[in-house]
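Structure record follows, encoded as structure tokens.
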There are 2 protein chains.
Amino acid sequence: MKDKKQSDEECLQDMRHIQDTLYVISGKWKLPIIMSINNGNNRFREIARSIPKITLRMLSKELKELEMNKLIVRTVSDGSSILITYELTAYSKTLAPLIEEMKNWGKNHKAVITERAAV
Amino acid sequence: MKDKKQSDEECLQDMRHIQDTLYVISGKWKLPIIMSINNGNNRFREIARSIPKITLRMLSKELKELEMNKLIVRTVSDGSSILITYELTAYSKTLAPLIEEMKNWGKNHKAVITERAAV
DNA sequence: CGGTATCCCCCCGGATACTG
DNA sequence: CAGTATCCGGGGGGATACCG
């Protein structure tokens with residue numbers, strides 16, 4: 001978002017891109033799931049335990065969508081017992097700056113809102 | 001999101017911040033509205049016209065929420081006729097890096113998904 | 001111009017139970 | 001462990017009509 005005014009056409013393009021991004025990360029759980037996997041949780045139950053309040057149903061659904069968007073990979077390895085692991089793709093790493101930015105903004109916003117509530 | 005693994009506690013904090021941010025910018029229209037105003041549209045109908053497919057109802061609803069979150073200001077100025085303008089707050093500018101990031105990511109993602117569809 | 005009021009549908013997301 | 005099945009409420013969001 002530049003301060004310089006852009007053409008309406010450019011602005012429309014940008015809106016579309018933003019809506020595309022919003023669509024991919026929308027929902028309460030997708031980003032938390034990515035963060036959890038990034039933090040070393042690779043098994044279904046492990047991820048479930050690491051995210052407060054998420055239900056198995058939602059985790060299952062969201063994992064599928066993330067896989068469709070090429071952000072994670074589901075692997076079934078057949079050792080002594082069957083083992084299923086979820087891993088982030090290299091592509092998912094491109095979300096890192098975005099996540100970082102959202103993390104910081106949320107932290108600050110919490111402060112802003114809390115201050116308002118106090119007044 | 002660092003590559004270095006962080007403590008689970010830190011990770012939980014981050015998830016909460018992210019969810020706070022998601023909550024504020026969630027919905028199809030909030031960011032497009034901010035972009036539209038940023039691009040010089042300050043009147044209700046002007047904004048409405050600048051955003052494809054948005055309905056008056058949604059614009060009205062979202063403007064209120066944005067105002068509650070201190071991202072825009074609604075001003076009623078009483079000249080020869082009543083004039084209502086919407087402006088971005090200084091605070092809303094803190095979203096700029098996030099928006100920029102989402103714009104770029106969406107642009108690239110579109111390409112990634114399209115490529116997949118071709119295969 | 002600057003919105004509200006209704007109606008309505010869809011689907012997100014929670015609860016709970018169950019399967020292999 | 002790794003999920004799926006079913007049920008269900010709430011609300012996001014579209015269409016349309018209307019108001020001052």
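Naming works like this for the structure tokens: A, B, ... for the chains as they're shown, residue 1 at the start of each chain, ligands 1 onward in shown order.
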Let's have chain B fitted on chain A; use all the C-alpha atoms paired in order for the least-squares step and return it as an mmCIF file with N, CA and C atoms, in the first residue's frame.
```cif
data_model
loop_
_atom_site.group_PDB
_atom_site.id
_atom_site.type_symbol
_atom_site.label_atom_id
_atom_site.label_comp_id
_atom_site.auth_asym_id
_atom_site.auth_seq_id
_atom_site.Cartn_x
_atom_site.Cartn_y
_atom_site.Cartn_z
ATOM 1 N N MET B 1 0.800 -1.216 -0.031
ATOM 2 C CA MET B 1 -0.057 -0.028 -0.045
ATOM 3 C C MET B 1 0.814 1.210 -0.050
ATOM 4 N N LYS B 2 0.917 1.822 -1.195
ATOM 5 C CA LYS B 2 1.741 3.035 -1.266
ATOM 6 C C LYS B 2 0.877 4.239 -0.893
ATOM 7 N N ASP B 3 1.513 5.292 -0.521
ATOM 8 C CA ASP B 3 0.757 6.505 -0.260
ATOM 9 C C ASP B 3 0.375 7.167 -1.567
ATOM 10 N N LYS B 4 1.211 6.922 -2.566
ATOM 11 C CA LYS B 4 0.912 7.467 -3.881
ATOM 12 C C LYS B 4 -0.358 6.797 -4.380
ATOM 13 N N LYS B 5 -1.245 7.591 -4.878
ATOM 14 C CA LYS B 5 -2.493 7.017 -5.384
ATOM 15 C C LYS B 5 -2.228 6.267 -6.680
ATOM 16 N N GLN B 6 -2.815 5.084 -6.755
ATOM 17 C CA GLN B 6 -2.613 4.292 -7.958
ATOM 18 C C GLN B 6 -3.869 4.335 -8.805
ATOM 19 N N SER B 7 -3.785 3.792 -9.990
ATOM 20 C CA SER B 7 -4.969 3.781 -10.854
ATOM 21 C C SER B 7 -6.009 2.843 -10.273
ATOM 22 N N ASP B 8 -7.257 3.088 -10.619
ATOM 23 C CA ASP B 8 -8.322 2.239 -10.111
ATOM 24 C C ASP B 8 -8.114 0.800 -10.561
ATOM 25 N N GLU B 9 -7.609 0.652 -11.744
ATOM 26 C CA GLU B 9 -7.401 -0.687 -12.291
ATOM 27 C C GLU B 9 -6.389 -1.461 -11.454
ATOM 28 N N GLU B 10 -5.302 -0.787 -11.118
ATOM 29 C CA GLU B 10 -4.294 -1.400 -10.259
ATOM 30 C C GLU B 10 -4.897 -1.790 -8.922
ATOM 31 N N CYS B 11 -5.683 -0.892 -8.404
ATOM 32 C CA CYS B 11 -6.312 -1.129 -7.108
ATOM 33 C C CYS B 11 -7.195 -2.375 -7.156
ATOM 34 N N LEU B 12 -7.918 -2.544 -8.243
ATOM 35 C CA LEU B 12 -8.775 -3.719 -8.385
ATOM 36 C C LEU B 12 -7.951 -4.996 -8.403
ATOM 37 N N GLN B 13 -6.857 -4.948 -9.131
ATOM 38 C CA GLN B 13 -5.956 -6.106 -9.166
ATOM 39 C C GLN B 13 -5.519 -6.468 -7.758
ATOM 40 N N ASP B 14 -5.083 -5.467 -7.034
ATOM 41 C CA ASP B 14 -4.597 -5.699 -5.675
ATOM 42 C C ASP B 14 -5.675 -6.316 -4.798
ATOM 43 N N MET B 15 -6.894 -5.798 -4.947
ATOM 44 C CA MET B 15 -7.996 -6.351 -4.155
ATOM 45 C C MET B 15 -8.168 -7.832 -4.451
ATOM 46 N N ARG B 16 -8.076 -8.185 -5.691
ATOM 47 C CA ARG B 16 -8.248 -9.595 -6.057
ATOM 48 C C ARG B 16 -7.156 -10.454 -5.435
ATOM 49 N N HIS B 17 -5.939 -9.960 -5.490
ATOM 50 C CA HIS B 17 -4.840 -10.733 -4.907
ATOM 51 C C HIS B 17 -5.053 -10.930 -3.417
ATOM 52 N N ILE B 18 -5.466 -9.854 -2.768
ATOM 53 C CA ILE B 18 -5.712 -9.934 -1.336
ATOM 54 C C ILE B 18 -6.806 -10.931 -1.030
ATOM 55 N N GLN B 19 -7.850 -10.900 -1.826
ATOM 56 C CA GLN B 19 -8.944 -11.834 -1.572
ATOM 57 C C GLN B 19 -8.510 -13.271 -1.818
ATOM 58 N N ASP B 20 -7.624 -13.466 -2.780
ATOM 59 C CA ASP B 20 -7.080 -14.812 -2.997
ATOM 60 C C ASP B 20 -6.328 -15.279 -1.757
ATOM 61 N N THR B 21 -5.499 -14.425 -1.237
ATOM 62 C CA THR B 21 -4.727 -14.775 -0.043
ATOM 63 C C THR B 21 -5.648 -15.050 1.134
ATOM 64 N N LEU B 22 -6.600 -14.157 1.334
ATOM 65 C CA LEU B 22 -7.554 -14.323 2.429
ATOM 66 C C LEU B 22 -8.246 -15.662 2.328
ATOM 67 N N TYR B 23 -8.572 -16.045 1.118
ATOM 68 C CA TYR B 23 -9.287 -17.284 0.922
ATOM 69 C C TYR B 23 -8.456 -18.476 1.398
ATOM 70 N N VAL B 24 -7.180 -18.444 1.106
ATOM 71 C CA VAL B 24 -6.300 -19.554 1.470
ATOM 72 C C VAL B 24 -6.078 -19.661 2.974
ATOM 73 N N ILE B 25 -5.919 -18.541 3.638
ATOM 74 C CA ILE B 25 -5.594 -18.577 5.059
ATOM 75 C C ILE B 25 -6.810 -18.351 5.946
ATOM 76 N N SER B 26 -7.984 -18.262 5.311
ATOM 77 C CA SER B 26 -9.170 -17.960 6.102
ATOM 78 C C SER B 26 -9.541 -19.116 7.016
ATOM 79 N N GLY B 27 -10.345 -18.818 7.978
ATOM 80 C CA GLY B 27 -10.715 -19.815 8.972
ATOM 81 C C GLY B 27 -9.826 -19.646 10.186
ATOM 82 N N LYS B 28 -10.332 -20.107 11.297
ATOM 83 C CA LYS B 28 -9.637 -19.879 12.563
ATOM 84 C C LYS B 28 -8.352 -20.685 12.698
ATOM 85 N N TRP B 29 -8.229 -21.787 11.957
ATOM 86 C CA TRP B 29 -7.214 -22.767 12.317
ATOM 87 C C TRP B 29 -6.038 -22.939 11.376
ATOM 88 N N LYS B 30 -6.160 -22.504 10.140
ATOM 89 C CA LYS B 30 -5.099 -22.828 9.175
ATOM 90 C C LYS B 30 -3.737 -22.323 9.601
ATOM 91 N N LEU B 31 -3.649 -21.084 9.983
ATOM 92 C CA LEU B 31 -2.334 -20.559 10.364
ATOM 93 C C LEU B 31 -1.825 -21.197 11.659
ATOM 94 N N PRO B 32 -2.652 -21.324 12.679
ATOM 95 C CA PRO B 32 -2.190 -22.056 13.862
ATOM 96 C C PRO B 32 -1.659 -23.444 13.526
ATOM 97 N N ILE B 33 -2.311 -24.134 12.621
ATOM 98 C CA ILE B 33 -1.841 -25.469 12.253
ATOM 99 C C ILE B 33 -0.452 -25.397 11.625
ATOM 100 N N ILE B 34 -0.301 -24.456 10.732
ATOM 101 C CA ILE B 34 1.014 -24.295 10.094
ATOM 102 C C ILE B 34 2.076 -23.989 11.144
ATOM 103 N N MET B 35 1.735 -23.134 12.066
ATOM 104 C CA MET B 35 2.697 -22.790 13.115
ATOM 105 C C MET B 35 3.027 -23.995 13.980
ATOM 106 N N SER B 36 2.035 -24.773 14.274
ATOM 107 C CA SER B 36 2.257 -25.948 15.110
ATOM 108 C C SER B 36 3.203 -26.936 14.428
ATOM 109 N N ILE B 37 2.946 -27.193 13.166
ATOM 110 C CA ILE B 37 3.823 -28.110 12.430
ATOM 111 C C ILE B 37 5.226 -27.528 12.358
ATOM 112 N N ASN B 38 5.259 -26.245 12.102
ATOM 113 C CA ASN B 38 6.563 -25.587 12.042
ATOM 114 C C ASN B 38 7.317 -25.716 13.363
ATOM 115 N N ASN B 39 6.556 -25.818 14.416
ATOM 116 C CA ASN B 39 7.185 -25.904 15.737
ATOM 117 C C ASN B 39 7.537 -27.333 16.141
ATOM 118 N N GLY B 40 7.391 -28.229 15.196
ATOM 119 C CA GLY B 40 7.875 -29.584 15.469
ATOM 120 C C GLY B 40 6.820 -30.647 15.685
ATOM 121 N N ASN B 41 5.561 -30.281 15.543
ATOM 122 C CA ASN B 41 4.515 -31.290 15.682
ATOM 123 C C ASN B 41 4.181 -31.869 14.316
ATOM 124 N N ASN B 42 4.314 -33.155 14.188
ATOM 125 C CA ASN B 42 4.117 -33.766 12.883
ATOM 126 C C ASN B 42 3.041 -34.846 12.832
ATOM 127 N N ARG B 43 2.573 -35.258 14.000
ATOM 128 C CA ARG B 43 1.545 -36.287 14.030
ATOM 129 C C ARG B 43 0.193 -35.648 14.293
ATOM 130 N N PHE B 44 -0.831 -36.302 13.817
ATOM 131 C CA PHE B 44 -2.188 -35.756 13.928
ATOM 132 C C PHE B 44 -2.555 -35.388 15.372
ATOM 133 N N ARG B 45 -2.392 -36.337 16.263
ATOM 134 C CA ARG B 45 -2.774 -36.087 17.655
ATOM 135 C C ARG B 45 -1.866 -35.063 18.313
ATOM 136 N N GLU B 46 -0.634 -35.072 17.877
ATOM 137 C CA GLU B 46 0.333 -34.112 18.399
ATOM 138 C C GLU B 46 -0.108 -32.691 18.051
ATOM 139 N N ILE B 47 -0.448 -32.512 16.804
ATOM 140 C CA ILE B 47 -0.913 -31.199 16.354
ATOM 141 C C ILE B 47 -2.181 -30.825 17.100
ATOM 142 N N ALA B 48 -3.087 -31.779 17.187
ATOM 143 C CA ALA B 48 -4.353 -31.534 17.874
ATOM 144 C C ALA B 48 -4.108 -31.067 19.305
ATOM 145 N N ARG B 49 -3.205 -31.752 19.981
ATOM 146 C CA ARG B 49 -2.938 -31.393 21.367
ATOM 147 C C ARG B 49 -2.279 -30.027 21.509
ATOM 148 N N SER B 50 -1.544 -29.636 20.483
ATOM 149 C CA SER B 50 -0.784 -28.388 20.576
ATOM 150 C C SER B 50 -1.618 -27.144 20.309
ATOM 151 N N ILE B 51 -2.817 -27.350 19.783
ATOM 152 C CA ILE B 51 -3.665 -26.199 19.455
ATOM 153 C C ILE B 51 -4.902 -26.195 20.342
ATOM 154 N N PRO B 52 -4.973 -25.249 21.259
ATOM 155 C CA PRO B 52 -6.100 -25.214 22.193
ATOM 156 C C PRO B 52 -7.429 -25.084 21.466
ATOM 157 N N LYS B 53 -8.402 -25.834 21.935
ATOM 158 C CA LYS B 53 -9.784 -25.704 21.475
ATOM 159 C C LYS B 53 -10.084 -26.276 20.091
ATOM 160 N N ILE B 54 -9.075 -26.665 19.361
ATOM 161 C CA ILE B 54 -9.403 -27.199 18.037
ATOM 162 C C ILE B 54 -10.026 -28.580 18.201
ATOM 163 N N THR B 55 -10.954 -28.904 17.314
ATOM 164 C CA THR B 55 -11.567 -30.240 17.379
ATOM 165 C C THR B 55 -10.934 -31.115 16.298
ATOM 166 N N LEU B 56 -11.045 -32.426 16.487
ATOM 167 C CA LEU B 56 -10.476 -33.347 15.508
ATOM 168 C C LEU B 56 -11.078 -33.100 14.137
ATOM 169 N N ARG B 57 -12.357 -32.855 14.147
ATOM 170 C CA ARG B 57 -13.054 -32.607 12.896
ATOM 171 C C ARG B 57 -12.448 -31.445 12.128
ATOM 172 N N MET B 58 -12.252 -30.328 12.828
ATOM 173 C CA MET B 58 -11.707 -29.159 12.167
ATOM 174 C C MET B 58 -10.265 -29.387 11.732
ATOM 175 N N LEU B 59 -9.508 -30.042 12.591
ATOM 176 C CA LEU B 59 -8.117 -30.306 12.227
ATOM 177 C C LEU B 59 -8.064 -31.119 10.946
ATOM 178 N N SER B 60 -8.874 -32.154 10.905
ATOM 179 C CA SER B 60 -8.924 -33.003 9.713
ATOM 180 C C SER B 60 -9.287 -32.203 8.468
ATOM 181 N N LYS B 61 -10.337 -31.416 8.579
ATOM 182 C CA LYS B 61 -10.790 -30.605 7.443
ATOM 183 C C LYS B 61 -9.714 -29.642 6.954
ATOM 184 N N GLU B 62 -9.124 -28.939 7.914
ATOM 185 C CA GLU B 62 -8.149 -27.914 7.551
ATOM 186 C C GLU B 62 -6.885 -28.517 6.968
ATOM 187 N N LEU B 63 -6.484 -29.654 7.518
ATOM 188 C CA LEU B 63 -5.291 -30.320 6.976
ATOM 189 C C LEU B 63 -5.493 -30.649 5.498
ATOM 190 N N LYS B 64 -6.695 -31.096 5.188
ATOM 191 C CA LYS B 64 -6.980 -31.414 3.781
ATOM 192 C C LYS B 64 -6.889 -30.189 2.886
ATOM 193 N N GLU B 65 -7.460 -29.114 3.370
ATOM 194 C CA GLU B 65 -7.420 -27.897 2.562
ATOM 195 C C GLU B 65 -5.995 -27.378 2.402
ATOM 196 N N LEU B 66 -5.239 -27.475 3.480
ATOM 197 C CA LEU B 66 -3.850 -27.028 3.410
ATOM 198 C C LEU B 66 -3.075 -27.884 2.419
ATOM 199 N N GLU B 67 -3.400 -29.160 2.401
ATOM 200 C CA GLU B 67 -2.723 -30.046 1.468
ATOM 201 C C GLU B 67 -3.096 -29.674 0.030
ATOM 202 N N MET B 68 -4.362 -29.403 -0.187
ATOM 203 C CA MET B 68 -4.801 -28.997 -1.525
ATOM 204 C C MET B 68 -4.106 -27.742 -2.002
ATOM 205 N N ASN B 69 -3.809 -26.872 -1.064
ATOM 206 C CA ASN B 69 -3.135 -25.627 -1.424
ATOM 207 C C ASN B 69 -1.616 -25.760 -1.395
ATOM 208 N N LYS B 70 -1.163 -26.999 -1.306
ATOM 209 C CA LYS B 70 0.269 -27.287 -1.396
ATOM 210 C C LYS B 70 1.078 -26.678 -0.253
ATOM 211 N N LEU B 71 0.443 -26.501 0.871
ATOM 212 C CA LEU B 71 1.166 -25.895 1.986
ATOM 213 C C LEU B 71 1.725 -26.955 2.930
ATOM 214 N N ILE B 72 1.107 -28.121 2.925
ATOM 215 C CA ILE B 72 1.646 -29.212 3.731
ATOM 216 C C ILE B 72 1.611 -30.503 2.923
ATOM 217 N N VAL B 73 2.369 -31.478 3.403
ATOM 218 C CA VAL B 73 2.374 -32.789 2.749
ATOM 219 C C VAL B 73 2.066 -33.847 3.785
ATOM 220 N N ARG B 74 1.214 -34.769 3.401
ATOM 221 C CA ARG B 74 0.841 -35.875 4.268
ATOM 222 C C ARG B 74 1.599 -37.106 3.789
ATOM 223 N N THR B 75 2.310 -37.729 4.697
ATOM 224 C CA THR B 75 3.106 -38.889 4.314
ATOM 225 C C THR B 75 2.708 -40.104 5.138
ATOM 226 N N VAL B 76 2.493 -41.198 4.432
ATOM 227 C CA VAL B 76 2.205 -42.461 5.114
ATOM 228 C C VAL B 76 3.426 -43.357 4.965
ATOM 229 N N SER B 77 4.086 -43.612 6.086
ATOM 230 C CA SER B 77 5.249 -44.502 6.004
ATOM 231 C C SER B 77 4.908 -45.779 6.759
ATOM 232 N N ASP B 78 5.289 -46.873 6.171
ATOM 233 C CA ASP B 78 4.844 -48.156 6.687
ATOM 234 C C ASP B 78 5.994 -48.906 7.352
ATOM 235 N N GLY B 79 6.191 -48.660 8.620
ATOM 236 C CA GLY B 79 7.256 -49.346 9.354
ATOM 237 C C GLY B 79 6.694 -50.526 10.114
ATOM 238 N N SER B 80 7.124 -50.695 11.334
ATOM 239 C CA SER B 80 6.582 -51.772 12.162
ATOM 240 C C SER B 80 5.080 -51.548 12.342
ATOM 241 N N SER B 81 4.753 -50.262 12.460
ATOM 242 C CA SER B 81 3.341 -49.916 12.427
ATOM 243 C C SER B 81 3.195 -48.734 11.476
ATOM 244 N N ILE B 82 1.985 -48.484 11.076
ATOM 245 C CA ILE B 82 1.780 -47.379 10.139
ATOM 246 C C ILE B 82 2.037 -46.043 10.813
ATOM 247 N N LEU B 83 2.701 -45.183 10.084
ATOM 248 C CA LEU B 83 3.044 -43.889 10.649
ATOM 249 C C LEU B 83 2.642 -42.797 9.666
ATOM 250 N N ILE B 84 1.881 -41.832 10.181
ATOM 251 C CA ILE B 84 1.466 -40.745 9.304
ATOM 252 C C ILE B 84 2.043 -39.441 9.805
ATOM 253 N N THR B 85 2.687 -38.723 8.912
ATOM 254 C CA THR B 85 3.303 -37.463 9.315
ATOM 255 C C THR B 85 2.872 -36.328 8.411
ATOM 256 N N TYR B 86 2.805 -35.168 9.012
ATOM 257 C CA TYR B 86 2.500 -33.954 8.251
ATOM 258 C C TYR B 86 3.718 -33.060 8.277
ATOM 259 N N GLU B 87 4.061 -32.560 7.119
ATOM 260 C CA GLU B 87 5.208 -31.653 7.058
ATOM 261 C C GLU B 87 4.873 -30.431 6.225
ATOM 262 N N LEU B 88 5.565 -29.361 6.526
ATOM 263 C CA LEU B 88 5.388 -28.159 5.722
ATOM 264 C C LEU B 88 6.136 -28.317 4.417
ATOM 265 N N THR B 89 5.578 -27.761 3.377
ATOM 266 C CA THR B 89 6.280 -27.742 2.099
ATOM 267 C C THR B 89 7.204 -26.535 2.057
ATOM 268 N N ALA B 90 8.102 -26.552 1.109
ATOM 269 C CA ALA B 90 8.975 -25.393 0.928
ATOM 270 C C ALA B 90 8.107 -24.186 0.587
ATOM 271 N N TYR B 91 7.078 -24.457 -0.177
ATOM 272 C CA TYR B 91 6.190 -23.371 -0.580
ATOM 273 C C TYR B 91 5.555 -22.676 0.620
ATOM 274 N N SER B 92 5.214 -23.461 1.615
ATOM 275 C CA SER B 92 4.560 -22.874 2.782
ATOM 276 C C SER B 92 5.462 -21.858 3.473
ATOM 277 N N LYS B 93 6.750 -22.011 3.276
ATOM 278 C CA LYS B 93 7.697 -21.075 3.904
ATOM 279 C C LYS B 93 7.526 -19.665 3.349
ATOM 280 N N THR B 94 6.921 -19.574 2.171
ATOM 281 C CA THR B 94 6.714 -18.234 1.604
ATOM 282 C C THR B 94 5.685 -17.460 2.412
ATOM 283 N N LEU B 95 4.968 -18.185 3.276
ATOM 284 C CA LEU B 95 4.000 -17.497 4.138
ATOM 285 C C LEU B 95 4.668 -16.891 5.367
ATOM 286 N N ALA B 96 5.913 -17.259 5.594
ATOM 287 C CA ALA B 96 6.589 -16.839 6.822
ATOM 288 C C ALA B 96 6.533 -15.328 7.088
ATOM 289 N N PRO B 97 6.867 -14.497 6.093
ATOM 290 C CA PRO B 97 6.822 -13.055 6.365
ATOM 291 C C PRO B 97 5.415 -12.603 6.728
ATOM 292 N N LEU B 98 4.440 -13.172 6.060
ATOM 293 C CA LEU B 98 3.048 -12.817 6.326
ATOM 294 C C LEU B 98 2.668 -13.182 7.756
ATOM 295 N N ILE B 99 3.029 -14.389 8.148
ATOM 296 C CA ILE B 99 2.719 -14.845 9.493
ATOM 297 C C ILE B 99 3.413 -13.967 10.525
ATOM 298 N N GLU B 100 4.641 -13.682 10.268
ATOM 299 C CA GLU B 100 5.408 -12.826 11.184
ATOM 300 C C GLU B 100 4.713 -11.478 11.339
ATOM 301 N N GLU B 101 4.298 -10.939 10.222
ATOM 302 C CA GLU B 101 3.639 -9.641 10.204
ATOM 303 C C GLU B 101 2.322 -9.690 10.986
ATOM 304 N N MET B 102 1.573 -10.751 10.785
ATOM 305 C CA MET B 102 0.288 -10.874 11.467
ATOM 306 C C MET B 102 0.473 -11.056 12.964
ATOM 307 N N LYS B 103 1.519 -11.764 13.312
ATOM 308 C CA LYS B 103 1.819 -12.006 14.715
ATOM 309 C C LYS B 103 2.089 -10.687 15.422
ATOM 310 N N ASN B 104 2.936 -9.908 14.810
ATOM 311 C CA ASN B 104 3.283 -8.628 15.412
ATOM 312 C C ASN B 104 2.099 -7.684 15.462
ATOM 313 N N TRP B 105 1.352 -7.677 14.389
ATOM 314 C CA TRP B 105 0.222 -6.759 14.351
ATOM 315 C C TRP B 105 -0.805 -7.135 15.422
ATOM 316 N N GLY B 106 -1.061 -8.419 15.543
ATOM 317 C CA GLY B 106 -2.032 -8.880 16.532
ATOM 318 C C GLY B 106 -1.611 -8.533 17.949
ATOM 319 N N LYS B 107 -0.341 -8.668 18.197
ATOM 320 C CA LYS B 107 0.216 -8.355 19.508
ATOM 321 C C LYS B 107 -0.052 -6.901 19.844
ATOM 322 N N ASN B 108 0.257 -6.060 18.903
ATOM 323 C CA ASN B 108 0.069 -4.632 19.124
ATOM 324 C C ASN B 108 -1.408 -4.264 19.206
ATOM 325 N N HIS B 109 -2.194 -4.877 18.350
ATOM 326 C CA HIS B 109 -3.616 -4.542 18.323
ATOM 327 C C HIS B 109 -4.283 -4.876 19.655
ATOM 328 N N LYS B 110 -3.898 -5.986 20.199
ATOM 329 C CA LYS B 110 -4.421 -6.379 21.503
ATOM 330 C C LYS B 110 -4.243 -5.229 22.494
ATOM 331 N N ALA B 111 -3.075 -4.661 22.480
ATOM 332 C CA ALA B 111 -2.775 -3.545 23.368
ATOM 333 C C ALA B 111 -3.676 -2.354 23.061
ATOM 334 N N VAL B 112 -3.827 -2.052 21.795
ATOM 335 C CA VAL B 112 -4.648 -0.912 21.394
ATOM 336 C C VAL B 112 -6.082 -1.081 21.874
ATOM 337 N N ILE B 113 -6.633 -2.260 21.626
ATOM 338 C CA ILE B 113 -8.016 -2.519 22.009
ATOM 339 C C ILE B 113 -8.188 -2.517 23.527
ATOM 340 N N THR B 114 -7.256 -3.106 24.217
ATOM 341 C CA THR B 114 -7.336 -3.151 25.665
ATOM 342 C C THR B 114 -7.326 -1.746 26.245
ATOM 343 N N GLU B 115 -6.477 -0.935 25.704
ATOM 344 C CA GLU B 115 -6.386 0.463 26.147
ATOM 345 C C GLU B 115 -7.728 1.160 25.984
ATOM 346 N N ARG B 116 -8.348 0.939 24.827
ATOM 347 C CA ARG B 116 -9.644 1.553 24.570
ATOM 348 C C ARG B 116 -10.662 1.107 25.610
ATOM 349 N N ALA B 117 -10.657 -0.186 25.891
ATOM 350 C CA ALA B 117 -11.612 -0.725 26.847
ATOM 351 C C ALA B 117 -11.438 -0.073 28.215
ATOM 352 N N ALA B 118 -10.192 0.237 28.555
ATOM 353 C CA ALA B 118 -9.895 0.861 29.839
ATOM 354 C C ALA B 118 -10.511 2.252 29.904
ATOM 355 N N VAL B 119 -10.533 2.955 28.794
ATOM 356 C CA VAL B 119 -11.117 4.290 28.738
ATOM 357 C C VAL B 119 -12.637 4.171 28.705
#
```
Among segment 30-115 of chain B, which ones does DSSP place in helix (DSSP H, G or I), written as a ChimeraX atom specification? /B:30-38,44-50,56-68,91-115
Those selected residues, please, written with C-alpha atoms and delivered as a CSV table (one decimal), in the first residue's frame.
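Result went into result14.csv, see below:
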```csv
chain,number,residue,atom,x,y,z
B,30,LYS,CA,-12.5,-5.3,5.1
B,31,LEU,CA,-9.2,-5.1,3.4
B,32,PRO,CA,-10.6,-4.2,0.0
B,33,ILE,CA,-12.5,-1.4,1.7
B,34,ILE,CA,-9.3,-0.1,3.4
B,35,MET,CA,-7.5,-0.2,0.0
B,36,SER,CA,-10.3,1.6,-1.7
B,37,ILE,CA,-10.3,4.4,0.9
B,38,ASN,CA,-6.6,4.5,0.7
B,44,PHE,CA,-20.1,5.7,0.7
B,45,ARG,CA,-21.3,5.3,-2.8
B,46,GLU,CA,-17.8,6.0,-4.1
B,47,ILE,CA,-16.4,3.1,-2.1
B,48,ALA,CA,-19.3,0.9,-3.1
B,49,ARG,CA,-18.7,1.6,-6.7
B,50,SER,CA,-15.0,0.9,-6.5
B,56,LEU,CA,-24.5,-1.8,0.3
B,57,ARG,CA,-25.4,-4.0,3.2
B,58,MET,CA,-22.0,-5.5,3.5
B,59,LEU,CA,-20.2,-2.2,3.0
B,60,SER,CA,-22.3,-0.7,5.8
B,61,LYS,CA,-21.6,-3.5,8.1
B,62,GLU,CA,-17.9,-3.7,7.5
B,63,LEU,CA,-17.5,0.1,7.7
B,64,LYS,CA,-18.9,-0.1,11.2
B,65,GLU,CA,-16.6,-2.9,12.3
B,66,LEU,CA,-13.6,-1.1,10.9
B,67,GLU,CA,-14.6,2.0,12.8
B,68,MET,CA,-14.9,0.0,16.0
B,91,TYR,CA,-3.4,3.4,13.1
B,92,SER,CA,-4.7,1.7,10.0
B,93,LYS,CA,-1.4,2.5,8.3
B,94,THR,CA,0.2,0.0,10.5
B,95,LEU,CA,-1.6,-2.6,8.4
B,96,ALA,CA,0.3,-1.5,5.3
B,97,PRO,CA,3.1,-4.0,5.5
B,98,LEU,CA,0.6,-6.8,6.1
B,99,ILE,CA,-1.5,-5.7,3.1
B,100,GLU,CA,1.5,-5.5,0.9
B,101,GLU,CA,2.6,-8.9,2.0
B,102,MET,CA,-0.8,-10.4,1.3
B,103,LYS,CA,-1.0,-8.7,-2.1
B,104,ASN,CA,2.3,-10.2,-3.2
B,105,TRP,CA,1.6,-13.6,-1.8
B,106,GLY,CA,-1.8,-13.8,-3.4
B,107,LYS,CA,-0.3,-12.8,-6.8
B,108,ASN,CA,2.2,-15.5,-6.6
B,109,HIS,CA,-0.2,-18.1,-5.2
B,110,LYS,CA,-2.5,-17.5,-8.1
B,111,ALA,CA,0.3,-18.5,-10.4
B,112,VAL,CA,1.1,-21.6,-8.3
B,113,ILE,CA,-2.5,-22.8,-8.3
B,114,THR,CA,-3.0,-22.1,-12.0
B,115,GLU,CA,0.1,-24.1,-12.8
```
Please determine the contact residues of chain D with respect to chain A at a cut-off of 9 Å, counting only C-alpha atoms (C1' of nucleotides), and supply them as a PyMOL selection string. chain D and resi 1-4
Residues near segment 5-20 of chain D, anyone? I mean within 10 Å using only C-alpha atoms (C1' of nucleotides), not counting same-chain ones fewer than 6 positions away, as a count of residues only. 25
Quick check for you: according to DSSP on this backbone, which residues of segment 3-104 of chain A are classed as strand (DSSP E or B)? Reply as JSON, numbers by chain. {"A": [72, 73, 74, 75, 76, 77, 78, 82, 83, 84, 85, 86, 87, 88]}
